[in-house]
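Notes to accompany the following structure.
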Amino acid sequence: MDQRTYVMIKPDAVACGLIAPIVQRFENTGLGIERMELGLVTREQAEAKYAEHVGKPLDEVLIGSFTSGAVVKMVLRGPESVI
């Protein structure tokens with residue numbers, strides 16, 4: 001039975017030109033790409049993701065890394081795609 005999982009390639013990997021190698025690794029394991037888009041993460045989305053870290057010493061590092069540039073958002077599908 002196929003499962004679906006969400007994957008996001010962070011801005012640092014996008015900026016380094018690593019989209020294709022990362023996608024290739026997923027495909028090499030037999031996972032298919034159901035949806036893929038280039039987008040941005042807003043500060044509000046990043047704060048929601050890391051809500052437990054807000055106000056702690058590294059919160060701005062986490063928020064800043066996710067909002068620093070474009071991300072690739074993907075839905076992968078395949079057997080055992082959720083681990």
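In the structure tokens, chains take letters A, B, ... by order of appearance, with residues numbered from 1 within each chain and ligands from 1 in the order shown.
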Can you tell me, as a PDB file with all heavy atoms, in the first residue's frame, what residues are no more than 8 Å from region 66-80 of chain A when counting only C-alpha atoms, ignoring any on the same chain fewer than 5 positions away?
ATOM      1  N   MET A   1       0.834  -1.174   0.000  1.00  0.00           N
ATOM      2  CA  MET A   1       0.000   0.000   0.000  1.00  0.00           C
ATOM      3  C   MET A   1       0.888   1.250   0.000  1.00  0.00           C
ATOM      4  O   MET A   1       1.822   1.357   0.776  1.00  0.00           O
ATOM      5  CB  MET A   1      -0.896   0.004   1.240  1.00  0.00           C
ATOM      6  CG  MET A   1      -1.773   1.219   1.323  1.00  0.00           C
ATOM      7  SD  MET A   1      -2.937   1.170   2.692  1.00  0.00           S
ATOM      8  CE  MET A   1      -1.952   1.911   3.967  1.00  0.00           C
ATOM      9  N   ASP A   2       0.587   2.181  -0.880  1.00  0.00           N
ATOM     10  CA  ASP A   2       1.350   3.425  -0.928  1.00  0.00           C
ATOM     11  C   ASP A   2       0.993   4.339   0.235  1.00  0.00           C
ATOM     12  O   ASP A   2      -0.148   4.419   0.660  1.00  0.00           O
ATOM     13  CB  ASP A   2       1.076   4.172  -2.234  1.00  0.00           C
ATOM     14  CG  ASP A   2       1.927   3.661  -3.379  1.00  0.00           C
ATOM     15  OD1 ASP A   2       2.777   2.785  -3.155  1.00  0.00           O
ATOM     16  OD2 ASP A   2       1.753   4.159  -4.499  1.00  0.00           O
ATOM     17  N   GLN A   3       1.999   5.009   0.732  1.00  0.00           N
ATOM     18  CA  GLN A   3       1.836   6.022   1.759  1.00  0.00           C
ATOM     19  C   GLN A   3       2.322   7.346   1.186  1.00  0.00           C
ATOM     20  O   GLN A   3       3.022   7.376   0.177  1.00  0.00           O
ATOM     21  CB  GLN A   3       2.674   5.676   2.997  1.00  0.00           C
ATOM     22  CG  GLN A   3       2.283   4.391   3.660  1.00  0.00           C
ATOM     23  CD  GLN A   3       3.233   4.054   4.798  1.00  0.00           C
ATOM     24  OE1 GLN A   3       4.430   4.312   4.730  1.00  0.00           O
ATOM     25  NE2 GLN A   3       2.705   3.463   5.857  1.00  0.00           N
ATOM     26  N   ARG A   4       1.969   8.423   1.853  1.00  0.00           N
ATOM     27  CA  ARG A   4       2.432   9.747   1.447  1.00  0.00           C
ATOM     28  C   ARG A   4       3.139  10.412   2.621  1.00  0.00           C
ATOM     29  O   ARG A   4       2.747  10.236   3.762  1.00  0.00           O
ATOM     30  CB  ARG A   4       1.252  10.607   1.012  1.00  0.00           C
ATOM     31  CG  ARG A   4       0.636  10.165  -0.261  1.00  0.00           C
ATOM     32  CD  ARG A   4      -0.492  11.113  -0.660  1.00  0.00           C
ATOM     33  NE  ARG A   4      -1.100  10.671  -1.890  1.00  0.00           N
ATOM     34  CZ  ARG A   4      -2.171   9.905  -1.968  1.00  0.00           C
ATOM     35  NH1 ARG A   4      -2.761   9.490  -0.879  1.00  0.00           N
ATOM     36  NH2 ARG A   4      -2.643   9.559  -3.133  1.00  0.00           N
ATOM     37  N   THR A   5       4.149  11.201   2.291  1.00  0.00           N
ATOM     38  CA  THR A   5       4.847  11.963   3.312  1.00  0.00           C
ATOM     39  C   THR A   5       5.270  13.307   2.738  1.00  0.00           C
ATOM     40  O   THR A   5       5.463  13.445   1.527  1.00  0.00           O
ATOM     41  CB  THR A   5       6.056  11.187   3.880  1.00  0.00           C
ATOM     42  OG1 THR A   5       6.511  11.813   5.066  1.00  0.00           O
ATOM     43  CG2 THR A   5       7.185  11.098   2.881  1.00  0.00           C
ATOM     44  N   TYR A   6       5.391  14.288   3.607  1.00  0.00           N
ATOM     45  CA  TYR A   6       5.787  15.637   3.223  1.00  0.00           C
ATOM     46  C   TYR A   6       7.273  15.814   3.479  1.00  0.00           C
ATOM     47  O   TYR A   6       7.784  15.419   4.530  1.00  0.00           O
ATOM     48  CB  TYR A   6       4.992  16.666   4.037  1.00  0.00           C
ATOM     49  CG  TYR A   6       5.414  18.094   3.800  1.00  0.00           C
ATOM     50  CD1 TYR A   6       4.980  18.779   2.680  1.00  0.00           C
ATOM     51  CD2 TYR A   6       6.245  18.754   4.692  1.00  0.00           C
ATOM     52  CE1 TYR A   6       5.364  20.095   2.456  1.00  0.00           C
ATOM     53  CE2 TYR A   6       6.634  20.067   4.484  1.00  0.00           C
ATOM     54  CZ  TYR A   6       6.184  20.723   3.363  1.00  0.00           C
ATOM     55  OH  TYR A   6       6.564  22.013   3.139  1.00  0.00           O
ATOM     56  N   VAL A   7       7.950  16.430   2.521  1.00  0.00           N
ATOM     57  CA  VAL A   7       9.377  16.703   2.642  1.00  0.00           C
ATOM     58  C   VAL A   7       9.618  18.147   2.221  1.00  0.00           C
ATOM     59  O   VAL A   7       9.008  18.621   1.259  1.00  0.00           O
ATOM     60  CB  VAL A   7      10.204  15.760   1.743  1.00  0.00           C
ATOM     61  CG1 VAL A   7      11.664  16.136   1.741  1.00  0.00           C
ATOM     62  CG2 VAL A   7      10.023  14.315   2.155  1.00  0.00           C
ATOM     63  N   MET A   8      10.502  18.817   2.924  1.00  0.00           N
ATOM     64  CA  MET A   8      10.881  20.161   2.520  1.00  0.00           C
ATOM     65  C   MET A   8      12.397  20.246   2.435  1.00  0.00           C
ATOM     66  O   MET A   8      13.108  19.863   3.375  1.00  0.00           O
ATOM     67  CB  MET A   8      10.365  21.202   3.520  1.00  0.00           C
ATOM     68  CG  MET A   8      10.671  22.616   3.095  1.00  0.00           C
ATOM     69  SD  MET A   8       9.893  23.876   4.124  1.00  0.00           S
ATOM     70  CE  MET A   8      10.660  23.577   5.685  1.00  0.00           C
ATOM     71  N   ILE A   9      12.883  20.743   1.311  1.00  0.00           N
ATOM     72  CA  ILE A   9      14.306  20.996   1.152  1.00  0.00           C
ATOM     73  C   ILE A   9      14.539  22.437   1.602  1.00  0.00           C
ATOM     74  O   ILE A   9      13.953  23.369   1.060  1.00  0.00           O
ATOM     75  CB  ILE A   9      14.758  20.785  -0.307  1.00  0.00           C
ATOM     76  CG1 ILE A   9      14.454  19.347  -0.760  1.00  0.00           C
ATOM     77  CG2 ILE A   9      16.250  21.088  -0.444  1.00  0.00           C
ATOM     78  CD1 ILE A   9      14.744  19.075  -2.221  1.00  0.00           C
ATOM     79  N   LYS A  10      15.387  22.615   2.589  1.00  0.00           N
ATOM     80  CA  LYS A  10      15.596  23.915   3.226  1.00  0.00           C
ATOM     81  C   LYS A  10      16.379  24.876   2.322  1.00  0.00           C
ATOM     82  O   LYS A  10      17.066  24.459   1.388  1.00  0.00           O
ATOM     83  CB  LYS A  10      16.339  23.726   4.539  1.00  0.00           C
ATOM     84  CG  LYS A  10      15.566  22.945   5.570  1.00  0.00           C
ATOM     85  CD  LYS A  10      16.357  22.909   6.855  1.00  0.00           C
ATOM     86  CE  LYS A  10      15.968  21.743   7.720  1.00  0.00           C
ATOM     87  NZ  LYS A  10      16.791  21.679   8.922  1.00  0.00           N
ATOM     88  N   PRO A  11      16.288  26.176   2.645  1.00  0.00           N
ATOM     89  CA  PRO A  11      16.929  27.195   1.813  1.00  0.00           C
ATOM     90  C   PRO A  11      18.427  27.010   1.591  1.00  0.00           C
ATOM     91  O   PRO A  11      18.919  27.288   0.492  1.00  0.00           O
ATOM     92  CB  PRO A  11      16.669  28.496   2.581  1.00  0.00           C
ATOM     93  CG  PRO A  11      15.419  28.252   3.325  1.00  0.00           C
ATOM     94  CD  PRO A  11      15.487  26.799   3.721  1.00  0.00           C
ATOM     95  N   ASP A  12      19.147  26.530   2.587  1.00  0.00           N
ATOM     96  CA  ASP A  12      20.590  26.369   2.399  1.00  0.00           C
ATOM     97  C   ASP A  12      20.896  25.332   1.333  1.00  0.00           C
ATOM     98  O   ASP A  12      21.798  25.513   0.505  1.00  0.00           O
ATOM     99  CB  ASP A  12      21.312  26.067   3.713  1.00  0.00           C
ATOM    100  CG  ASP A  12      20.784  24.847   4.442  1.00  0.00           C
ATOM    101  OD1 ASP A  12      19.640  24.434   4.181  1.00  0.00           O
ATOM    102  OD2 ASP A  12      21.514  24.312   5.303  1.00  0.00           O
ATOM    103  N   VAL A  14      18.820  24.479  -1.154  1.00  0.00           N
ATOM    104  CA  VAL A  14      18.370  25.058  -2.426  1.00  0.00           C
ATOM    105  C   VAL A  14      19.437  26.001  -2.962  1.00  0.00           C
ATOM    106  O   VAL A  14      19.802  25.951  -4.142  1.00  0.00           O
ATOM    107  CB  VAL A  14      17.007  25.777  -2.250  1.00  0.00           C
ATOM    108  CG1 VAL A  14      16.635  26.531  -3.516  1.00  0.00           C
ATOM    109  CG2 VAL A  14      15.915  24.785  -1.884  1.00  0.00           C
ATOM    110  N   ALA A  15      19.970  26.865  -2.106  1.00  0.00           N
ATOM    111  CA  ALA A  15      20.988  27.834  -2.518  1.00  0.00           C
ATOM    112  C   ALA A  15      22.272  27.165  -3.000  1.00  0.00           C
ATOM    113  O   ALA A  15      22.969  27.707  -3.865  1.00  0.00           O
ATOM    114  CB  ALA A  15      21.295  28.788  -1.365  1.00  0.00           C
ATOM    115  N   ILE A  19      19.018  20.537  -5.105  1.00  0.00           N
ATOM    116  CA  ILE A  19      17.668  20.020  -5.319  1.00  0.00           C
ATOM    117  C   ILE A  19      17.704  18.703  -6.093  1.00  0.00           C
ATOM    118  O   ILE A  19      17.129  17.707  -5.653  1.00  0.00           O
ATOM    119  CB  ILE A  19      16.780  21.046  -6.056  1.00  0.00           C
ATOM    120  CG1 ILE A  19      16.614  22.305  -5.211  1.00  0.00           C
ATOM    121  CG2 ILE A  19      15.419  20.432  -6.379  1.00  0.00           C
ATOM    122  CD1 ILE A  19      15.970  23.462  -5.964  1.00  0.00           C
ATOM    123  N   GLY A  30      12.755   4.333  -4.707  1.00  0.00           N
ATOM    124  CA  GLY A  30      11.452   3.881  -5.191  1.00  0.00           C
ATOM    125  C   GLY A  30      10.299   4.808  -4.858  1.00  0.00           C
ATOM    126  O   GLY A  30       9.144   4.487  -5.131  1.00  0.00           O
ATOM    127  N   LEU A  31      10.582   5.952  -4.263  1.00  0.00           N
ATOM    128  CA  LEU A  31       9.524   6.902  -3.950  1.00  0.00           C
ATOM    129  C   LEU A  31       9.228   7.772  -5.167  1.00  0.00           C
ATOM    130  O   LEU A  31      10.130   8.141  -5.915  1.00  0.00           O
ATOM    131  CB  LEU A  31       9.929   7.795  -2.775  1.00  0.00           C
ATOM    132  CG  LEU A  31      10.138   7.074  -1.452  1.00  0.00           C
ATOM    133  CD1 LEU A  31      10.693   8.035  -0.406  1.00  0.00           C
ATOM    134  CD2 LEU A  31       8.840   6.451  -0.974  1.00  0.00           C
ATOM    135  N   GLY A  32       7.970   8.091  -5.345  1.00  0.00           N
ATOM    136  CA  GLY A  32       7.565   8.962  -6.437  1.00  0.00           C
ATOM    137  C   GLY A  32       7.193  10.335  -5.908  1.00  0.00           C
ATOM    138  O   GLY A  32       6.813  10.494  -4.746  1.00  0.00           O
ATOM    139  N   ILE A  33       7.296  11.315  -6.766  1.00  0.00           N
ATOM    140  CA  ILE A  33       6.922  12.673  -6.392  1.00  0.00           C
ATOM    141  C   ILE A  33       5.488  12.903  -6.841  1.00  0.00           C
ATOM    142  O   ILE A  33       5.182  12.879  -8.028  1.00  0.00           O
ATOM    143  CB  ILE A  33       7.855  13.707  -7.036  1.00  0.00           C
ATOM    144  CG1 ILE A  33       9.275  13.478  -6.557  1.00  0.00           C
ATOM    145  CG2 ILE A  33       7.379  15.126  -6.713  1.00  0.00           C
ATOM    146  CD1 ILE A  33      10.304  14.288  -7.293  1.00  0.00           C
ATOM    147  N   GLU A  34       4.614  13.102  -5.872  1.00  0.00           N
ATOM    148  CA  GLU A  34       3.217  13.368  -6.171  1.00  0.00           C
ATOM    149  C   GLU A  34       2.999  14.853  -6.426  1.00  0.00           C
ATOM    150  O   GLU A  34       2.180  15.245  -7.244  1.00  0.00           O
ATOM    151  CB  GLU A  34       2.339  12.897  -5.017  1.00  0.00           C
ATOM    152  CG  GLU A  34       0.868  12.947  -5.321  1.00  0.00           C
ATOM    153  CD  GLU A  34       0.080  12.212  -4.268  1.00  0.00           C
ATOM    154  OE1 GLU A  34       0.142  10.965  -4.243  1.00  0.00           O
ATOM    155  OE2 GLU A  34      -0.584  12.897  -3.466  1.00  0.00           O
ATOM    156  N   ARG A  35       3.738  15.672  -5.707  1.00  0.00           N
ATOM    157  CA  ARG A  35       3.634  17.124  -5.868  1.00  0.00           C
ATOM    158  C   ARG A  35       4.961  17.747  -5.462  1.00  0.00           C
ATOM    159  O   ARG A  35       5.596  17.298  -4.513  1.00  0.00           O
ATOM    160  CB  ARG A  35       2.510  17.656  -4.986  1.00  0.00           C
ATOM    161  CG  ARG A  35       2.330  19.150  -5.069  1.00  0.00           C
ATOM    162  CD  ARG A  35       1.227  19.615  -4.135  1.00  0.00           C
ATOM    163  NE  ARG A  35       1.241  21.056  -4.100  1.00  0.00           N
ATOM    164  CZ  ARG A  35       0.189  21.807  -4.358  1.00  0.00           C
ATOM    165  NH1 ARG A  35      -0.965  21.251  -4.637  1.00  0.00           N
ATOM    166  NH2 ARG A  35       0.282  23.112  -4.309  1.00  0.00           N
ATOM    167  N   MET A  36       5.360  18.792  -6.202  1.00  0.00           N
ATOM    168  CA  MET A  36       6.594  19.497  -5.861  1.00  0.00           C
ATOM    169  C   MET A  36       6.433  20.950  -6.270  1.00  0.00           C
ATOM    170  O   MET A  36       5.946  21.244  -7.355  1.00  0.00           O
ATOM    171  CB  MET A  36       7.800  18.883  -6.573  1.00  0.00           C
ATOM    172  CG  MET A  36       9.107  19.546  -6.216  1.00  0.00           C
ATOM    173  SD  MET A  36      10.583  18.627  -6.748  1.00  0.00           S
ATOM    174  CE  MET A  36      10.534  18.842  -8.502  1.00  0.00           C
ATOM    175  N   GLU A  37       6.813  21.858  -5.364  1.00  0.00           N
ATOM    176  CA  GLU A  37       6.731  23.278  -5.693  1.00  0.00           C
ATOM    177  C   GLU A  37       7.829  24.045  -4.977  1.00  0.00           C
ATOM    178  O   GLU A  37       8.281  23.662  -3.903  1.00  0.00           O
ATOM    179  CB  GLU A  37       5.371  23.858  -5.331  1.00  0.00           C
ATOM    180  CG  GLU A  37       5.043  23.841  -3.857  1.00  0.00           C
ATOM    181  CD  GLU A  37       3.653  24.363  -3.556  1.00  0.00           C
ATOM    182  OE1 GLU A  37       2.674  23.785  -4.057  1.00  0.00           O
ATOM    183  OE2 GLU A  37       3.562  25.351  -2.800  1.00  0.00           O
ATOM    184  N   LEU A  38       8.244  25.118  -5.627  1.00  0.00           N
ATOM    185  CA  LEU A  38       9.207  26.035  -5.043  1.00  0.00           C
ATOM    186  C   LEU A  38       8.410  27.114  -4.324  1.00  0.00           C
ATOM    187  O   LEU A  38       7.419  27.624  -4.864  1.00  0.00           O
ATOM    188  CB  LEU A  38      10.060  26.651  -6.158  1.00  0.00           C
ATOM    189  CG  LEU A  38      11.225  27.520  -5.756  1.00  0.00           C
ATOM    190  CD1 LEU A  38      12.291  26.684  -5.054  1.00  0.00           C
ATOM    191  CD2 LEU A  38      11.813  28.200  -6.981  1.00  0.00           C
ATOM    192  N   GLY A  39       8.797  27.457  -3.115  1.00  0.00           N
ATOM    193  CA  GLY A  39       8.051  28.465  -2.372  1.00  0.00           C
ATOM    194  C   GLY A  39       8.877  29.063  -1.255  1.00  0.00           C
ATOM    195  O   GLY A  39      10.074  28.822  -1.141  1.00  0.00           O
ATOM    196  N   LEU A  40       8.213  29.844  -0.460  1.00  0.00           N
ATOM    197  CA  LEU A  40       8.842  30.493   0.685  1.00  0.00           C
ATOM    198  C   LEU A  40       8.118  30.072   1.957  1.00  0.00           C
ATOM    199  O   LEU A  40       6.942  29.723   1.915  1.00  0.00           O
ATOM    200  CB  LEU A  40       8.767  32.009   0.543  1.00  0.00           C
ATOM    201  CG  LEU A  40       9.495  32.615  -0.654  1.00  0.00           C
ATOM    202  CD1 LEU A  40       9.171  34.095  -0.768  1.00  0.00           C
ATOM    203  CD2 LEU A  40      10.993  32.403  -0.540  1.00  0.00           C
ATOM    204  N   VAL A  41       8.816  30.128   3.071  1.00  0.00           N
ATOM    205  CA  VAL A  41       8.222  29.897   4.376  1.00  0.00           C
ATOM    206  C   VAL A  41       8.148  31.260   5.051  1.00  0.00           C
ATOM    207  O   VAL A  41       9.158  31.970   5.153  1.00  0.00           O
ATOM    208  CB  VAL A  41       9.070  28.919   5.218  1.00  0.00           C
ATOM    209  CG1 VAL A  41       8.531  28.793   6.626  1.00  0.00           C
ATOM    210  CG2 VAL A  41       9.130  27.559   4.537  1.00  0.00           C
ATOM    211  N   THR A  42       6.966  31.636   5.506  1.00  0.00           N
ATOM    212  CA  THR A  42       6.816  32.913   6.196  1.00  0.00           C
ATOM    213  C   THR A  42       7.341  32.808   7.618  1.00  0.00           C
ATOM    214  O   THR A  42       7.479  31.712   8.171  1.00  0.00           O
ATOM    215  CB  THR A  42       5.344  33.350   6.247  1.00  0.00           C
ATOM    216  OG1 THR A  42       4.609  32.423   7.071  1.00  0.00           O
ATOM    217  CG2 THR A  42       4.725  33.415   4.851  1.00  0.00           C
ATOM    218  N   ARG A  43       7.593  33.935   8.202  1.00  0.00           N
ATOM    219  CA  ARG A  43       8.031  33.954   9.601  1.00  0.00           C
ATOM    220  C   ARG A  43       6.989  33.294  10.491  1.00  0.00           C
ATOM    221  O   ARG A  43       7.325  32.530  11.399  1.00  0.00           O
ATOM    222  CB  ARG A  43       8.309  35.385  10.054  1.00  0.00           C
ATOM    223  CG  ARG A  43       8.782  35.435  11.483  1.00  0.00           C
ATOM    224  CD  ARG A  43       9.323  36.793  11.896  1.00  0.00           C
ATOM    225  NE  ARG A  43       9.858  36.716  13.237  1.00  0.00           N
ATOM    226  CZ  ARG A  43      11.076  36.333  13.557  1.00  0.00           C
ATOM    227  NH1 ARG A  43      11.923  35.992  12.603  1.00  0.00           N
ATOM    228  NH2 ARG A  43      11.480  36.284  14.812  1.00  0.00           N
ATOM    229  N   ALA A  46       7.235  29.523  10.187  1.00  0.00           N
ATOM    230  CA  ALA A  46       8.432  29.031  10.875  1.00  0.00           C
ATOM    231  C   ALA A  46       8.238  29.073  12.390  1.00  0.00           C
ATOM    232  O   ALA A  46       8.635  28.138  13.096  1.00  0.00           O
ATOM    233  CB  ALA A  46       9.650  29.852  10.464  1.00  0.00           C
TER     234      ALA A  46
END
Q: Using DSSP on the backbone coordinates, identify the residues of region 16-83 of chain A assigned to strand (DSSP E or B); present them as an MDAnalysis selection string.
A: chainID A and resid 32:39 71:79
Q: Pick out the closest residue to Ser81 (chain A) from this set: A:Gln45, A:Cys16, A:Val23, A:Thr29. Count only C-alpha atoms.
A: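 Under the stated criterion, the closest residue is A:Thr29.
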Q: Would you return as a PyMOL selection string the members of chain A that DSSP assigns to alpha helix (DSSP H) on this structure's backbone?
A: chain A and resi 11-15+19-28+43-49+59-66
Q: Grab the CA of Tyr50 (chain A) to CA of Ile22 (chain A) distance for me, in Å with one decimal place.
A: 23.7 Å
Q) Between CA of Ala51 (chain A) and CA of Ser65 (chain A), what is the distance, to one decimal in Å? A)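 A separation of 14.8 Å between them.
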